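What follows is a single structure, written as structure tokens, with notes after it.
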Amino acid sequence: MSERLRSTQIEQNSAHQVILSRDSEDAFIYADPPYVNTNQGHYGGYTEEHFIRDLDVLAHVKGKFLLSNYP
């Protein structure tokens with residue numbers, strides 16, 4: 001297990017900051033944000049404005065991304 005995690009990085013930061021700091025042509029970003037207007041448990045406060053900001057950042061990345069969401 002330690003070999004698989006050797007190059008893993010864990011970071012506590014805003015999603016858009018992490019995306020911007022790691023973006024490159026070779027990057028693949030899997031984004032699974034909290035769902036707006038749902039019970040977010042311990043992670044409250046993710047608003048539609050946050051979601052739009054994160055979408056805008058993803059729309060302009062050099063790499064590729066996959067976004068998990070629901071209607």
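Ordering of the structure tokens sets the chain letters (A, B, ...); residue numbers start at 1 within each chain; ligands are numbered from 1 in the order shown.
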
Find the residues around Ala59 in chain A up to 12 Å (only C-alpha atoms counted), leave out those fewer than 6 positions away in its own chain, and share them as a PyMOL selection string. chain A and resi 16+19-20+23+29+52-53+65-67

Could you turn the residues from that selection into a file that holds N, CA, C and O atoms, as a short mmCIF file (atom, residue, chain, number, x, y, z; two decimals), in the first residue's frame?
data_model
loop_
_atom_site.label_atom_id
_atom_site.label_comp_id
_atom_site.auth_asym_id
_atom_site.auth_seq_id
_atom_site.Cartn_x
_atom_site.Cartn_y
_atom_site.Cartn_z
N HIS A 16 -10.80 25.34 -6.61
CA HIS A 16 -10.29 26.12 -7.74
C HIS A 16 -8.81 26.42 -7.59
O HIS A 16 -8.08 26.45 -8.57
N ILE A 19 -7.00 23.10 -8.54
CA ILE A 19 -7.08 22.91 -9.99
C ILE A 19 -6.09 23.81 -10.71
O ILE A 19 -5.33 23.36 -11.57
N LEU A 20 -6.08 25.07 -10.35
CA LEU A 20 -5.16 26.02 -11.00
C LEU A 20 -3.70 25.66 -10.75
O LEU A 20 -2.87 25.78 -11.65
N ASP A 23 -2.86 22.27 -12.90
CA ASP A 23 -3.26 22.17 -14.30
C ASP A 23 -2.05 22.12 -15.23
O ASP A 23 -1.08 22.85 -15.06
N ILE A 29 -8.21 15.85 -14.22
CA ILE A 29 -8.81 16.30 -12.97
C ILE A 29 -10.16 15.62 -12.80
O ILE A 29 -11.03 15.73 -13.67
N ILE A 52 -20.36 27.67 -9.74
CA ILE A 52 -20.12 28.40 -11.00
C ILE A 52 -18.65 28.79 -11.12
O ILE A 52 -18.06 28.66 -12.19
N ARG A 53 -18.06 29.23 -10.02
CA ARG A 53 -16.63 29.57 -10.03
C ARG A 53 -15.79 28.34 -10.42
O ARG A 53 -14.90 28.42 -11.27
N PHE A 65 -10.83 16.99 -17.80
CA PHE A 65 -11.49 16.79 -16.51
C PHE A 65 -12.75 15.97 -16.65
O PHE A 65 -13.34 15.87 -17.72
N LEU A 66 -13.15 15.39 -15.53
CA LEU A 66 -14.42 14.68 -15.40
C LEU A 66 -15.10 15.27 -14.19
O LEU A 66 -14.51 15.32 -13.10
N LEU A 67 -16.34 15.73 -14.35
CA LEU A 67 -17.09 16.35 -13.27
C LEU A 67 -18.25 15.46 -12.87
O LEU A 67 -19.07 15.10 -13.71
#

As a count of residues only, which residues of chain A does DSSP assign to strand (DSSP E or B)? 8

List the neighbours of Glu48 in chain A out to 12 Å using only C-alpha atoms; skip same-chain residues closer than 6 positions along the sequence, and give me the result as a list in words.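 Contacts, in chain order: Pro33, Pro34, Tyr35, Val36, Asn37, Thr38, Asp54 and Leu55 of chain A.
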
Could those selected residues go to a file with N, CA and C atoms, as a CSV table (one decimal), in the first residue's frame?
chain,number,residue,atom,x,y,z
A,33,PRO,N,-17.5,17.9,-6.5
A,33,PRO,CA,-17.8,18.9,-5.5
A,33,PRO,C,-19.0,18.5,-4.7
A,34,PRO,N,-19.2,19.2,-3.6
A,34,PRO,CA,-20.4,19.0,-2.8
A,34,PRO,C,-21.6,19.4,-3.7
A,35,TYR,N,-22.7,18.8,-3.5
A,35,TYR,CA,-23.9,19.2,-4.2
A,35,TYR,C,-24.6,20.4,-3.7
A,36,VAL,N,-24.8,21.4,-4.5
A,36,VAL,CA,-25.5,22.6,-4.1
A,36,VAL,C,-26.9,22.3,-3.6
A,37,ASN,N,-27.3,23.0,-2.5
A,37,ASN,CA,-28.6,22.9,-2.0
A,37,ASN,C,-29.0,21.5,-1.4
A,38,THR,N,-28.0,20.8,-0.9
A,38,THR,CA,-28.2,19.5,-0.3
A,38,THR,C,-27.6,19.5,1.1
A,54,ASP,N,-16.1,27.2,-9.8
A,54,ASP,CA,-15.3,26.0,-10.1
A,54,ASP,C,-15.6,25.5,-11.5
A,55,LEU,N,-16.8,25.6,-12.0
A,55,LEU,CA,-17.1,25.3,-13.4
A,55,LEU,C,-16.3,26.2,-14.4

Apply DSSP to the structure's backbone, then extract all residues of chain A labelled alpha helix (DSSP H) and return them as a VMD selection string. chain A and resid 15 to 22 48 to 59

Interatomic distance (Å, one decimal) between CA of Lys64 in chain A and CA of Asp26 in chain A: 7.9 Å

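Between CA of Thr47 in chain A and CA of Ile10 in chain A the separation is 23.6 Å.
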
Report, in Å with one decimal, the straight-line distance from CA of Gln17 in chain A to CA of Val57 in chain A.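 Between CA of Gln17 in chain A and CA of Val57 in chain A the gap is 9.2 Å.
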
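Proximity to Ser24 in chain A at 8 Å, evaluated using only C-alpha atoms and with sequence-adjacent residues fewer than 4 positions away removed, yields Val61, Lys62 and Gly63 of chain A.
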